[in-house]
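The file work-v4.cif contains mmCIF, C-alpha atoms:
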data_protein
loop_
_atom_site.label_atom_id
_atom_site.label_comp_id
_atom_site.auth_asym_id
_atom_site.auth_seq_id
_atom_site.Cartn_x
_atom_site.Cartn_y
_atom_site.Cartn_z
CA MET A 1 135.93 80.05 74.58
CA SER A 2 134.31 83.49 74.29
CA LYS A 3 133.77 85.70 77.33
CA ARG A 4 130.02 85.43 76.76
CA SER A 5 130.12 81.61 76.80
CA SER A 6 132.34 81.56 79.86
CA LEU A 7 129.97 83.88 81.65
CA TRP A 8 126.89 81.75 80.95
CA GLY A 9 128.59 78.52 81.78
CA ALA A 10 130.09 79.83 85.02
CA VAL A 11 126.83 81.28 86.31
CA ALA A 12 125.01 78.11 85.28
CA LEU A 13 127.43 75.99 87.26
CA LEU A 14 127.29 78.33 90.23
CA LEU A 15 123.52 78.25 90.51
CA GLY A 16 123.56 74.50 90.12
CA CYS A 17 125.22 74.00 93.50
CA GLY A 18 123.30 71.39 95.38
CA LEU A 19 120.35 71.59 93.02
CA PHE A 20 120.73 68.02 91.89
CA PRO A 21 121.74 65.69 94.71
CA SER A 22 122.80 62.21 93.71
CA ALA A 23 119.37 60.83 94.68
CA TRP A 24 117.61 63.18 92.23
CA SER A 25 117.11 61.82 88.74
CA ALA A 26 117.11 65.17 86.86
CA THR A 27 120.41 66.22 85.25
CA ALA A 28 119.74 69.81 84.18
CA LEU A 29 117.68 72.86 85.03
CA ARG A 30 117.31 75.90 82.82
CA LEU A 31 118.16 79.37 84.12
CA ASN A 32 118.65 82.92 82.91
CA PRO A 33 122.13 84.12 83.94
CA PRO A 34 122.88 87.82 84.44
CA ASP A 35 124.64 89.47 81.53
CA ASN A 36 126.76 91.88 83.53
CA GLN A 37 128.94 89.50 85.55
CA GLN A 38 132.28 87.88 84.72
CA LEU A 39 132.75 84.90 87.00
CA ASN A 40 135.75 82.66 87.56
CA PHE A 41 134.61 79.72 85.47
CA SER A 42 137.21 77.11 86.48
CA ALA A 43 137.05 77.80 90.22
CA LEU A 44 133.27 77.85 90.39
CA SER A 45 132.87 74.75 88.22
CA ALA A 46 135.31 72.85 90.46
CA ILE A 47 133.24 73.67 93.56
CA VAL A 48 130.02 72.71 91.85
CA TYR A 49 131.41 69.43 90.53
CA GLU A 50 132.75 68.50 93.94
CA GLU A 51 129.43 69.21 95.66
CA THR A 52 126.96 67.92 93.07
CA GLY A 53 128.70 66.21 90.16
CA VAL A 54 126.19 67.76 87.74
CA ARG A 55 125.88 70.83 85.56
CA LEU A 56 123.19 73.43 85.11
CA GLU A 57 122.25 74.53 81.60
CA PRO A 58 121.53 78.14 80.65
CA ASN A 59 118.29 78.94 78.92
CA PRO A 60 119.23 78.73 75.22
CA SER A 61 116.42 81.09 74.20
CA PHE A 62 117.53 83.89 76.54
CA ALA A 63 119.24 86.86 74.86
CA ASP A 64 120.37 90.38 75.71
CA GLY A 65 117.55 92.73 76.56
CA GLU A 66 115.01 90.02 77.30
CA ASP A 67 113.07 90.05 80.54
CA PRO A 68 114.00 87.08 82.75
CA ILE A 69 110.57 87.26 84.38
CA ASP A 70 108.94 86.51 81.02
CA SER A 71 111.19 83.49 80.59
CA LEU A 72 110.01 82.10 83.92
CA LEU A 73 106.36 82.75 83.17
CA ASP A 74 106.40 81.18 79.71
CA GLY A 75 108.25 78.10 81.00
CA SER A 76 111.47 78.52 79.00
CA ALA A 77 113.47 78.91 82.25
CA ASP A 78 113.18 77.51 85.76
CA LEU A 79 115.53 79.91 87.57
CA ALA A 80 116.52 83.53 87.09
CA ILE A 81 118.31 86.36 88.90
CA VAL A 82 116.14 89.47 89.11
CA GLU A 83 116.23 92.78 90.93
CA ASN A 84 114.18 93.06 94.09
CA THR A 85 112.39 96.10 92.65
CA ARG A 86 110.38 93.94 90.25
CA ALA A 87 106.65 93.77 90.86
CA PHE A 88 105.13 90.57 92.21
CA GLN A 89 104.08 87.97 89.66
CA PRO A 90 101.89 84.96 90.55
CA GLY A 91 103.67 81.65 90.24
CA LEU A 92 107.15 82.96 91.15
CA ARG A 93 108.97 82.49 94.44
CA SER A 94 112.24 83.77 95.94
CA ILE A 95 115.01 81.45 97.06
CA LEU A 96 117.34 84.01 98.66
CA PRO A 97 119.12 87.31 97.89
CA LEU A 98 122.38 86.34 96.19
CA TYR A 99 124.23 89.66 96.20
CA GLN A 100 123.84 93.44 96.05
CA SER A 101 123.81 95.54 92.94
CA VAL A 102 124.57 99.27 93.01
CA VAL A 103 123.27 102.00 90.72
CA HIS A 104 126.28 103.50 88.92
CA LEU A 105 125.74 106.78 87.08
CA ALA A 106 128.31 107.81 84.46
CA VAL A 107 128.21 111.11 82.59
CA ARG A 108 130.05 112.17 79.43
CA LYS A 109 132.90 114.44 80.49
CA ASP A 110 132.17 117.14 77.95
CA LEU A 111 128.45 117.16 78.69
CA SER A 112 126.96 120.62 79.15
CA ILE A 113 123.41 120.47 80.44
CA GLY A 114 122.87 124.10 79.46
CA ASP A 115 123.15 123.15 75.77
CA TYR A 116 119.91 121.12 76.10
CA VAL A 117 117.85 123.61 78.08
CA GLY A 118 115.39 125.43 75.79
CA SER A 119 116.53 123.50 72.70
CA GLU A 120 114.94 120.67 70.73
CA ARG A 121 117.82 118.36 71.49
CA SER A 122 117.15 115.42 73.81
CA LEU A 123 119.53 113.86 76.28
CA GLN A 124 120.69 110.43 75.15
CA LEU A 125 120.37 107.96 78.02
CA GLN A 126 121.65 104.40 78.09
CA ILE A 127 120.38 101.86 80.62
CA TYR A 128 122.82 98.99 80.68
CA ASN A 129 121.17 95.57 80.45
CA ASN A 130 117.70 97.17 80.51
CA SER A 131 117.73 97.36 84.32
CA HIS A 132 114.33 97.81 85.94
CA THR A 133 115.91 99.50 88.97
CA ALA A 134 117.72 101.97 86.72
CA ARG A 135 114.42 102.94 85.10
CA MET A 136 112.89 103.59 88.52
CA VAL A 137 115.86 105.74 89.56
CA LEU A 138 115.74 107.55 86.22
CA ASP A 139 112.08 108.48 86.67
CA LEU A 140 112.78 109.61 90.21
CA LEU A 141 115.80 111.64 89.14
CA PHE A 142 114.00 113.50 86.34
CA GLU A 143 111.02 114.09 88.59
CA ARG A 144 113.20 115.81 91.22
CA ALA A 145 116.17 117.25 89.33
CA SER A 146 115.91 120.90 88.44
CA GLU A 147 119.05 121.01 86.26
CA LEU A 148 118.02 118.28 83.81
CA PRO A 149 115.93 119.09 80.73
CA ASP A 150 112.52 117.53 80.20
CA ARG A 151 113.41 115.79 76.95
CA TYR A 152 115.40 112.58 76.79
CA GLU A 153 115.66 109.51 74.60
CA PHE A 154 117.03 106.05 75.15
CA TRP A 155 120.27 105.26 73.37
CA ARG A 156 121.15 101.69 72.47
CA PRO A 157 124.34 100.19 71.08
CA GLY A 158 124.29 100.62 67.34
CA ASP A 159 122.48 103.95 67.43
CA PRO A 160 124.35 106.93 65.94
CA GLY A 161 126.42 109.08 68.26
CA SER A 162 127.02 108.21 71.90
CA PRO A 163 124.98 108.43 75.13
CA ASP A 164 125.14 111.41 77.43
CA LEU A 165 124.24 109.57 80.65
CA LEU A 166 124.72 105.90 81.42
CA PHE A 167 123.04 103.87 84.18
CA TYR A 168 124.68 100.60 85.17
CA VAL A 169 123.21 98.41 87.95
CA GLY A 170 125.65 95.78 89.16
CA PRO A 171 127.88 94.79 92.07
CA ILE A 172 130.77 97.01 93.08
CA ASN A 173 133.48 95.09 91.28
CA PRO A 174 136.70 96.91 90.36
CA HIS A 175 137.63 94.01 88.06
CA ASN A 176 134.50 94.41 85.97
CA THR A 177 134.54 97.76 84.14
CA ALA A 178 133.69 96.58 80.64
CA TRP A 179 130.44 98.50 80.92
CA PHE A 180 132.24 101.84 81.43
CA PRO A 181 132.84 103.74 78.15
CA GLU A 182 135.83 105.95 77.53
CA GLY A 183 135.34 109.69 77.98
CA PHE A 184 132.91 109.30 80.91
CA THR A 185 133.14 110.03 84.61
CA LEU A 186 131.31 108.58 87.59
CA VAL A 187 129.03 110.99 89.46
CA PRO A 188 126.63 110.64 92.43
CA LEU A 189 122.86 110.80 91.81
CA SER A 190 122.79 114.05 93.77
CA ARG A 191 124.80 115.70 91.00
CA PHE A 192 121.58 116.83 89.31
CA ASP A 193 119.32 117.05 92.37
CA ALA A 194 119.11 120.27 94.33
CA ALA A 195 118.18 118.34 97.46
CA GLY A 196 121.67 116.87 97.47
CA ALA A 197 122.89 113.57 98.83
CA GLU A 198 120.77 113.73 101.97
CA PHE A 199 117.65 112.59 100.11
CA TYR A 200 119.39 109.58 98.56
CA ILE A 201 120.86 108.59 101.92
CA ASP A 202 117.87 109.05 104.21
CA GLY A 203 114.75 109.63 102.12
CA ILE A 204 114.90 107.15 99.28
CA SER A 205 113.61 104.18 101.30
CA PHE A 206 110.34 106.00 101.96
CA LEU A 207 109.63 106.17 98.23
CA VAL A 208 111.19 102.86 97.16
CA PRO A 209 111.51 100.50 100.16
CA GLN A 210 113.54 97.97 98.16
CA LEU A 211 116.36 100.50 97.66
CA ARG A 212 118.82 101.51 100.34
CA SER A 213 121.68 103.94 100.44
CA THR A 214 125.25 102.77 100.06
CA ARG A 215 128.59 104.25 99.12
CA ILE A 216 131.23 103.42 96.55
CA PRO A 217 134.43 103.99 98.53
CA ALA A 218 137.06 106.31 97.09
CA LEU A 219 139.53 104.68 94.67
CA THR A 220 137.50 101.49 94.43
CA TYR A 221 137.54 101.83 90.65
CA SER A 222 140.41 103.10 88.59
CA LEU A 223 137.87 105.27 86.83
CA PRO A 224 137.40 109.03 86.59
CA GLY A 225 135.16 110.41 89.31
CA ASN A 226 136.02 107.76 91.90
CA GLU A 227 138.87 109.76 93.36
CA GLU A 228 136.30 110.51 96.04
CA GLY A 229 133.58 108.39 97.61
CA ILE A 230 130.30 108.29 95.70
CA ASP A 231 126.91 108.09 97.36
CA ALA A 232 124.78 105.51 95.56
CA LEU A 233 121.77 103.19 95.90
CA ALA A 234 121.82 99.42 96.34
CA VAL A 235 119.25 96.73 95.51
CA ASP A 236 119.22 93.01 96.29
CA MET A 237 119.50 90.55 93.42
CA LEU A 238 117.11 87.67 94.04
CA LEU A 239 117.47 84.11 92.92
CA VAL A 240 113.91 83.37 91.78
CA ALA A 241 112.30 80.07 90.83
CA LYS A 242 108.95 78.94 89.61
CA LYS A 243 106.58 77.96 92.39
CA SER A 244 106.20 74.50 90.84
CA THR A 245 109.92 73.73 91.09
CA ASP A 246 110.57 70.66 93.24
CA GLN A 247 110.81 71.56 96.94
CA SER A 248 113.64 69.13 97.65
CA ALA A 249 115.68 70.62 94.81
CA ILE A 250 115.21 74.16 96.12
CA TYR A 251 116.06 72.97 99.63
CA GLU A 252 119.34 71.44 98.41
CA LEU A 253 120.16 74.53 96.36
CA THR A 254 119.64 76.80 99.37
CA ARG A 255 121.63 74.47 101.61
CA VAL A 256 124.69 74.38 99.33
CA LEU A 257 124.68 78.12 98.71
CA MET A 258 124.58 78.78 102.46
CA GLU A 259 126.95 76.08 103.64
CA GLN A 260 129.54 76.67 100.91
CA LYS A 261 129.43 80.46 101.15
CA PRO A 262 133.06 80.78 102.37
CA ARG A 263 134.30 78.97 99.28
CA PHE A 264 132.21 81.06 96.92
CA ALA A 265 133.24 84.25 98.72
CA ALA A 266 136.88 83.24 98.38
CA VAL A 267 136.43 82.95 94.62
CA GLU A 268 134.26 86.06 94.17
CA PRO A 269 134.51 88.20 97.36
CA THR A 270 132.86 91.19 95.68
CA LEU A 271 129.79 89.12 94.95
CA PHE A 272 129.03 86.42 97.49
CA ARG A 273 130.18 88.10 100.70
CA TRP A 274 126.71 89.67 100.84
CA MET A 275 124.94 86.31 100.71
CA GLY A 276 123.48 85.18 104.04
CA ALA A 277 120.41 84.01 105.92
CA ASP A 278 119.93 87.23 107.92
CA PHE A 279 117.59 88.87 105.39
CA ASN A 280 113.98 89.74 106.13
CA ALA A 281 111.64 87.70 103.95
CA ARG A 282 109.00 90.46 104.22
CA ASP A 283 111.29 92.79 102.23
CA LEU A 284 111.28 90.47 99.20
CA THR A 285 108.90 91.23 96.35
CA PHE A 286 108.41 87.49 95.83
CA PRO A 287 107.53 85.27 98.81
CA LEU A 288 109.97 82.53 99.76
CA HIS A 289 109.77 79.23 97.96
CA ARG A 290 108.55 76.47 100.25
CA GLY A 291 111.79 74.53 99.80
CA ALA A 292 113.89 77.54 100.83
CA ARG A 293 111.61 78.22 103.80
CA GLN A 294 112.05 74.64 104.95
CA TYR A 295 115.81 75.13 104.98
CA PHE A 296 115.75 78.45 106.83
CA ASP A 297 113.28 77.08 109.40
CA ARG A 298 115.15 73.81 109.92
CA ASP A 299 116.52 74.89 113.33
CA GLU A 300 113.31 76.52 114.49
CA PRO A 301 111.63 74.75 117.43
CA GLY A 302 108.80 72.48 116.43
CA PHE A 303 105.22 72.88 117.48
CA LEU A 304 105.62 70.72 120.59
CA GLU A 305 108.81 72.55 121.64
CA ARG A 306 107.37 75.99 120.99
CA TYR A 307 104.20 75.38 122.99
CA ALA A 308 105.56 72.90 125.54
CA ASP A 309 104.65 75.04 128.55
CA SER A 310 101.14 75.70 127.28
CA LEU A 311 100.64 72.04 126.42
CA ASN A 312 101.88 70.99 129.87
CA PHE A 313 99.40 73.37 131.47
CA LEU A 314 96.58 72.06 129.27
CA VAL A 315 97.44 68.44 130.09
CA TYR A 316 97.56 69.31 133.80
CA LEU A 317 94.22 71.10 133.49
CA VAL A 318 92.63 68.15 131.66
CA VAL A 319 93.94 65.67 134.25
CA LEU A 320 92.72 67.92 137.05
CA MET A 321 89.28 68.24 135.48
CA PHE A 322 89.10 64.49 134.86
CA THR A 323 90.12 63.75 138.44
CA GLY A 324 87.55 66.22 139.71
CA ALA A 325 84.84 64.70 137.51
CA VAL A 326 85.68 61.19 138.75
CA ALA A 327 85.65 62.37 142.38
CA PHE A 328 82.36 64.19 141.86
CA GLY A 329 80.86 61.10 140.24
CA ARG A 330 81.97 58.95 143.14
CA TRP A 331 80.56 61.46 145.62
CA ARG A 332 77.20 61.46 143.84
CA ALA A 333 77.16 57.66 143.68
CA ARG A 334 77.97 57.44 147.40
CA ARG A 335 75.30 60.03 148.19
CA ARG A 336 72.73 58.06 146.20
CA LYS A 337 73.75 54.86 147.96
CA ASP A 338 73.47 56.59 151.32
CA ARG A 339 69.92 57.64 150.50
CA ILE A 340 69.02 54.10 149.38
CA ASP A 341 70.60 52.76 152.58
CA GLY A 342 68.23 55.07 154.46
CA PHE A 343 65.32 53.46 152.66
CA TYR A 344 66.77 50.04 153.59
CA VAL A 345 66.78 51.00 157.29
CA ARG A 346 63.21 52.33 157.18
CA VAL A 347 61.91 49.21 155.41
CA ARG A 348 63.80 46.98 157.83
CA ASN A 349 62.23 48.81 160.80
CA LEU A 350 58.81 48.27 159.26
CA ARG A 351 59.56 44.59 158.80
CA ARG A 352 60.57 44.23 162.46
CA ALA A 353 57.25 45.77 163.54
CA ALA A 354 55.21 43.63 161.15
CA GLY A 355 54.18 41.10 163.86
CA PHE A 356 53.39 43.63 166.55
CA ASP A 357 51.94 46.73 164.94
CA ASP A 358 48.96 47.44 162.75
CA PRO A 359 49.80 45.90 159.32
CA LYS A 360 47.54 48.39 157.48
CA ARG A 361 49.42 51.32 158.93
CA LEU A 362 52.75 49.63 158.13
CA LEU A 363 51.61 49.04 154.55
CA SER A 364 50.71 52.74 154.24
CA GLU A 365 54.15 53.68 155.58
CA LEU A 366 55.77 51.31 153.08
CA GLU A 367 53.90 52.94 150.18
CA LYS A 368 55.07 56.37 151.36
CA ILE A 369 58.66 55.14 151.41
CA GLU A 370 58.27 53.71 147.88
CA ASP A 371 56.70 56.96 146.63
CA GLU A 372 59.62 58.93 148.04
CA ALA A 373 62.15 56.55 146.46
CA PHE A 374 60.50 56.68 143.03
CA THR A 375 60.18 60.46 143.23
CA GLY A 376 63.97 60.63 143.83
CA LEU A 377 64.50 58.32 140.87
CA ILE A 378 62.39 60.54 138.59
CA ASN A 379 64.23 63.68 139.72
CA GLU A 380 67.60 61.94 138.95
CA ARG A 381 68.67 62.08 142.53
CA LEU A 382 68.83 58.29 142.60
CA ALA A 383 70.13 55.79 140.11
CA ALA A 384 68.14 52.74 138.99
CA ASP A 385 71.09 50.46 139.71
CA ASP A 386 71.42 47.14 141.57
CA SER A 387 71.00 48.86 144.97
CA PHE A 388 67.67 50.31 143.88
CA ARG A 389 66.58 46.96 142.49
CA ILE A 390 67.41 45.27 145.83
CA PHE A 391 65.38 47.97 147.62
CA THR A 392 62.35 47.30 145.40
CA GLU A 393 62.64 43.56 145.98
CA LEU A 394 62.90 44.11 149.76
CA ALA A 395 59.86 46.41 149.70
CA GLU A 396 57.91 43.92 147.59
CA GLY A 397 58.69 41.12 150.03
CA LEU A 398 57.57 43.23 152.98
CA ARG A 399 54.36 44.13 151.13
CA GLY A 400 53.59 40.45 150.68
CA GLU A 401 54.12 39.76 154.40
CA LEU A 402 51.92 42.68 155.41
CA LYS A 403 49.11 41.55 153.11
CA ILE A 404 49.26 38.08 154.71
CA HIS A 405 48.94 39.64 158.19
CA ILE A 406 46.01 41.77 157.03
CA ALA A 407 44.27 38.68 155.62
CA ASP A 408 44.79 36.74 158.89
CA ASP A 409 43.42 39.61 160.92
CA ARG A 410 40.29 39.69 158.79
CA ALA A 411 39.83 35.93 159.24
CA THR A 412 39.90 36.17 163.06
CA GLU A 413 37.37 39.02 163.38
CA PRO A 414 34.12 38.02 165.39
CA ASP A 415 31.72 38.60 162.47
CA GLN A 416 33.74 36.17 160.38
#

Any chance you could give the structure as structure tokens?
Amino acid sequence: MSKRSSLWGAVALLLGCGLFPSAWSATALRLNPPDNQQLNFSALSAIVYEETGVRLEPNPSFADGEDPIDSLLDGSADLAIVENTRAFQPGLRSILPLYQSVVHLAVRKDLSIGDYVGSERSLQLQIYNNSHTARMVLDLLFERASELPDRYEFWRPGDPGSPDLLFYVGPINPHNTAWFPEGFTLVPLSRFDAAGAEFYIDGISFLVPQLRSTRIPALTYSLPGNEEGIDALAVDMLLVAKKSTDQSAIYELTRVLMEQKPRFAAVEPTLFRWMGADFNARDLTFPLHRGARQYFDRDEPGFLERYADSLNFLVYLVVLMFTGAVAFGRWRARRRKDRIDGFYVRVRNLRRAAGFDDPKRLLSELEKIEDEAFTGLINERLAADDSFRIFTELAEGLRGELKIHIADDRATEPDQ
């Protein structure tokens, strides 16, 4: 098996962790693996098989130099690993930062910058794996550096001669130095910048927020130039999926990567020891996929738990207002009944005096009482309920009695 095949297969199996639980009918998902990593194929495949029992297929149309973002957008891939410096593209979502990559700068040992100043010769620059971050750092370096000439060209494998400067963006991995050509030496970015290392340590994040300063410790690599520590820049490598990818699949993928991190870190400590859930989603150029967000928010308190105190206060307030409304309604009903009871008493007093007093005057008093009662009804101070109906019946009965007395009095007058 070639190193290239092992690389693709190992990364495919790694990213397949948890992506296809036994309840999911799909058996494969296409992805674009990184070209600059050599992973332990047997160890990673054993972990993946134990956790999922399935495999993940690499995108067969993906080749060196191609943009993984384009593969996601045209539908030839469902997953890819991209640098966090890439610009936002609609339809793409982050799952999580997998690991850190560091900008390595290597210079040809016999390079003399003075030979290019004032001449028609151009510096030959190689950007390994067509890194987007390396291009950003290159533009920044040539914009600030006073020792570098203005002319440069990109050198690619197969071109005549050899490069003068080489940019490699990848994890700090002393076991992976296949990218480093013979006759070169590692140098810090401040080698050609008069501002020195201070800018790349403290100032770079103001210009490129996705980059942060880091350091390649001394003697990490058995390479020239690493006898001392090297100030460098780091960028997160994002696992990116299409927005339309199944939420449950992304949830399972995130879960397995997080929960099996110790096993992956044991296999590749230089890679997966950076992986974790303590990243800030606002620093990602692609928003989180909904499936990944569901996993990271799984332990967050729900709506009822988060606003329990406020909800308790609102419930108490509603109950208090309801109780107050009921009490007020009862008070108004009792007040109305008390007023009607007053009319009862006045009508009863008139009825008692019906056989002894002037019936015409009593009838006039009764009409005044009725006018007052109906005026209260119109002004909504009284309710037209059963009590009011009884009052009207009582008043009507008294009116009939008074009219009988008035008729009898008329019949007994002398002129009759």

At a cut-off of 12 Å, using only C-alpha atoms, what residues contact Gly183 in chain A? Leave out same-chain residues fewer than 4 positions from it and give the result as a PyMOL selection string.
chain A and resi 106-111+162-166+223-225

If we count only C-alpha atoms and set the cut-off at 6 Å, which residues sit around Leu288 in chain A, ignoring sequence neighbours fewer than 4 positions away in its own chain? Please answer as a PyMOL selection string.
chain A and resi 93-95

Nearest to Val345 in chain A: which of A:Leu394, A:Ala327, A:Leu98, A:Ala134 is it, counting only C-alpha atoms?
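Answer, going by the shortest atom-to-atom distance: A:Leu394.
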
I'd like the residues picked by the PyMOL selection byres ((chain A and resi 293) around 10) written out as an MDAnalysis selection string, using the chain letters and numbers from the file.
chainID A and resid 94:96 247 250:251 254 281 287:292 294:298

Any idea what's packed within 8 Å of range 118-128 of chain A, counting all atoms listed in the file, ignoring anything in its chain fewer than 3 positions away? Could you give it as a list of chain:residue names?
A:Asp115, A:Ser131, A:Ala134, A:Arg135, A:Pro149, A:Arg151, A:Tyr152, A:Glu153, A:Phe154, A:Trp155, A:Arg156, A:Ser162, A:Pro163, A:Asp164, A:Leu165, A:Leu166, A:Phe167, A:Tyr168, A:Val169, A:Trp179

Dump as a PDB file, in the frame of the given file, selection limited to C-alpha atoms:
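File out01.pdb, as written:
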ATOM      1  CA  ASP A 115     123.150 123.150  75.770  1.00  0.00           C
ATOM      2  CA  SER A 131     117.730  97.360  84.320  1.00  0.00           C
ATOM      3  CA  ALA A 134     117.720 101.970  86.720  1.00  0.00           C
ATOM      4  CA  ARG A 135     114.420 102.940  85.100  1.00  0.00           C
ATOM      5  CA  PRO A 149     115.930 119.090  80.730  1.00  0.00           C
ATOM      6  CA  ARG A 151     113.410 115.790  76.950  1.00  0.00           C
ATOM      7  CA  TYR A 152     115.400 112.580  76.790  1.00  0.00           C
ATOM      8  CA  GLU A 153     115.660 109.510  74.600  1.00  0.00           C
ATOM      9  CA  PHE A 154     117.030 106.050  75.150  1.00  0.00           C
ATOM     10  CA  TRP A 155     120.270 105.260  73.370  1.00  0.00           C
ATOM     11  CA  ARG A 156     121.150 101.690  72.470  1.00  0.00           C
ATOM     12  CA  SER A 162     127.020 108.210  71.900  1.00  0.00           C
ATOM     13  CA  PRO A 163     124.980 108.430  75.130  1.00  0.00           C
ATOM     14  CA  ASP A 164     125.140 111.410  77.430  1.00  0.00           C
ATOM     15  CA  LEU A 165     124.240 109.570  80.650  1.00  0.00           C
ATOM     16  CA  LEU A 166     124.720 105.900  81.420  1.00  0.00           C
ATOM     17  CA  PHE A 167     123.040 103.870  84.180  1.00  0.00           C
ATOM     18  CA  TYR A 168     124.680 100.600  85.170  1.00  0.00           C
ATOM     19  CA  VAL A 169     123.210  98.410  87.950  1.00  0.00           C
ATOM     20  CA  TRP A 179     130.440  98.500  80.920  1.00  0.00           C
TER      21      TRP A 179
END

Restricting the calculation to only C-alpha atoms, which member of A:Glu51, A:Phe286, A:Glu198, A:Ser244 is positioned closest to Gln260 in chain A?
A:Glu51

Interface rows for range 104-149 of chain A against range 62-85 of chain A: nearest pair, Å to one decimal, 7 Å, only C-alpha atoms, as CSV:
residue,atom,partner,partner_atom,distance
A:Asn129,CA,A:Gly65,CA,6.0
A:Asn130,CA,A:Gly65,CA,5.9
A:Thr133,CA,A:Thr85,CA,6.1

Provide the CA of Leu207 in chain A to CA of Val137 in chain A distance in Å, to one decimal place.
10.7 Å

Shell around Leu402 in chain A at 8 Å using all atoms listed in the file, local window under 6 positions removed, as a short mmCIF file (atom, residue, chain, number, x, y, z; two decimals) with C-alpha atoms, keeping the file's coordinate frame:
data_model
loop_
_atom_site.label_atom_id
_atom_site.label_comp_id
_atom_site.auth_asym_id
_atom_site.auth_seq_id
_atom_site.Cartn_x
_atom_site.Cartn_y
_atom_site.Cartn_z
CA ALA A 354 55.21 43.63 161.15
CA PRO A 359 49.80 45.90 159.32
CA LYS A 360 47.54 48.39 157.48
CA LEU A 362 52.75 49.63 158.13
CA LEU A 363 51.61 49.04 154.55
#

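Closest approach to Leu238 in chain A from the set A:Leu92, A:Leu219, A:Ile390, A:Ala373 is made by A:Leu92, with distances taken over all atoms listed in the file.
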
Between A:Glu252, A:Val103, A:Ala407, A:Thr220, single out the one closest to Pro188 in chain A, counting only C-alpha atoms.
A:Val103

In Å, rounded to a single decimal, give me how far CA of Arg215 in chain A is from CA of Pro269 in chain A.
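Interatomic distance, CA of Pro269 in chain A to CA of Arg215 in chain A: 17.2 Å.
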
So what does the PyMOL selection byres ((chain A and resi 227) around 12) actually pick up in this one, as an NGL selection string?
:A and (185-187 or 216-226 or 228-230)

Those same residues, written as an mmCIF file, in the frame of the given file with C-alpha atoms?
data_model
loop_
_atom_site.group_PDB
_atom_site.id
_atom_site.type_symbol
_atom_site.label_atom_id
_atom_site.label_comp_id
_atom_site.auth_asym_id
_atom_site.auth_seq_id
_atom_site.Cartn_x
_atom_site.Cartn_y
_atom_site.Cartn_z
ATOM 1 C CA THR A 185 133.140 110.030 84.610
ATOM 2 C CA LEU A 186 131.310 108.580 87.590
ATOM 3 C CA VAL A 187 129.030 110.990 89.460
ATOM 4 C CA ILE A 216 131.230 103.420 96.550
ATOM 5 C CA PRO A 217 134.430 103.990 98.530
ATOM 6 C CA ALA A 218 137.060 106.310 97.090
ATOM 7 C CA LEU A 219 139.530 104.680 94.670
ATOM 8 C CA THR A 220 137.500 101.490 94.430
ATOM 9 C CA TYR A 221 137.540 101.830 90.650
ATOM 10 C CA SER A 222 140.410 103.100 88.590
ATOM 11 C CA LEU A 223 137.870 105.270 86.830
ATOM 12 C CA PRO A 224 137.400 109.030 86.590
ATOM 13 C CA GLY A 225 135.160 110.410 89.310
ATOM 14 C CA ASN A 226 136.020 107.760 91.900
ATOM 15 C CA GLU A 228 136.300 110.510 96.040
ATOM 16 C CA GLY A 229 133.580 108.390 97.610
ATOM 17 C CA ILE A 230 130.300 108.290 95.700
#

Enumerate, as a ChimeraX atom specification, the protein, DNA and RNA residues whose atoms approach (126.3, 97.3, 92.5) to within 12 Å, taking into account all atoms listed in the file and the coordinate frame of the file.
/A:36-37,83,99-105,131,133-134,167-174,176-177,211-216,231-237,270-271,274

Using only C-alpha atoms, please write the residues we just selected to a file, as a short mmCIF file (atom, residue, chain, number, x, y, z; two decimals), in the coordinates of the input.
data_model
loop_
_atom_site.label_atom_id
_atom_site.label_comp_id
_atom_site.auth_asym_id
_atom_site.auth_seq_id
_atom_site.Cartn_x
_atom_site.Cartn_y
_atom_site.Cartn_z
CA ASN A 36 126.76 91.88 83.53
CA GLN A 37 128.94 89.50 85.55
CA GLU A 83 116.23 92.78 90.93
CA TYR A 99 124.23 89.66 96.20
CA GLN A 100 123.84 93.44 96.05
CA SER A 101 123.81 95.54 92.94
CA VAL A 102 124.57 99.27 93.01
CA VAL A 103 123.27 102.00 90.72
CA HIS A 104 126.28 103.50 88.92
CA LEU A 105 125.74 106.78 87.08
CA SER A 131 117.73 97.36 84.32
CA THR A 133 115.91 99.50 88.97
CA ALA A 134 117.72 101.97 86.72
CA PHE A 167 123.04 103.87 84.18
CA TYR A 168 124.68 100.60 85.17
CA VAL A 169 123.21 98.41 87.95
CA GLY A 170 125.65 95.78 89.16
CA PRO A 171 127.88 94.79 92.07
CA ILE A 172 130.77 97.01 93.08
CA ASN A 173 133.48 95.09 91.28
CA PRO A 174 136.70 96.91 90.36
CA ASN A 176 134.50 94.41 85.97
CA THR A 177 134.54 97.76 84.14
CA LEU A 211 116.36 100.50 97.66
CA ARG A 212 118.82 101.51 100.34
CA SER A 213 121.68 103.94 100.44
CA THR A 214 125.25 102.77 100.06
CA ARG A 215 128.59 104.25 99.12
CA ILE A 216 131.23 103.42 96.55
CA ASP A 231 126.91 108.09 97.36
CA ALA A 232 124.78 105.51 95.56
CA LEU A 233 121.77 103.19 95.90
CA ALA A 234 121.82 99.42 96.34
CA VAL A 235 119.25 96.73 95.51
CA ASP A 236 119.22 93.01 96.29
CA MET A 237 119.50 90.55 93.42
CA THR A 270 132.86 91.19 95.68
CA LEU A 271 129.79 89.12 94.95
CA TRP A 274 126.71 89.67 100.84
#

Distance of CA of Pro97 in chain A from CA of Leu284 in chain A, expressed in Å to one decimal place
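CA of Pro97 in chain A lies at a distance of 8.6 Å from CA of Leu284 in chain A.
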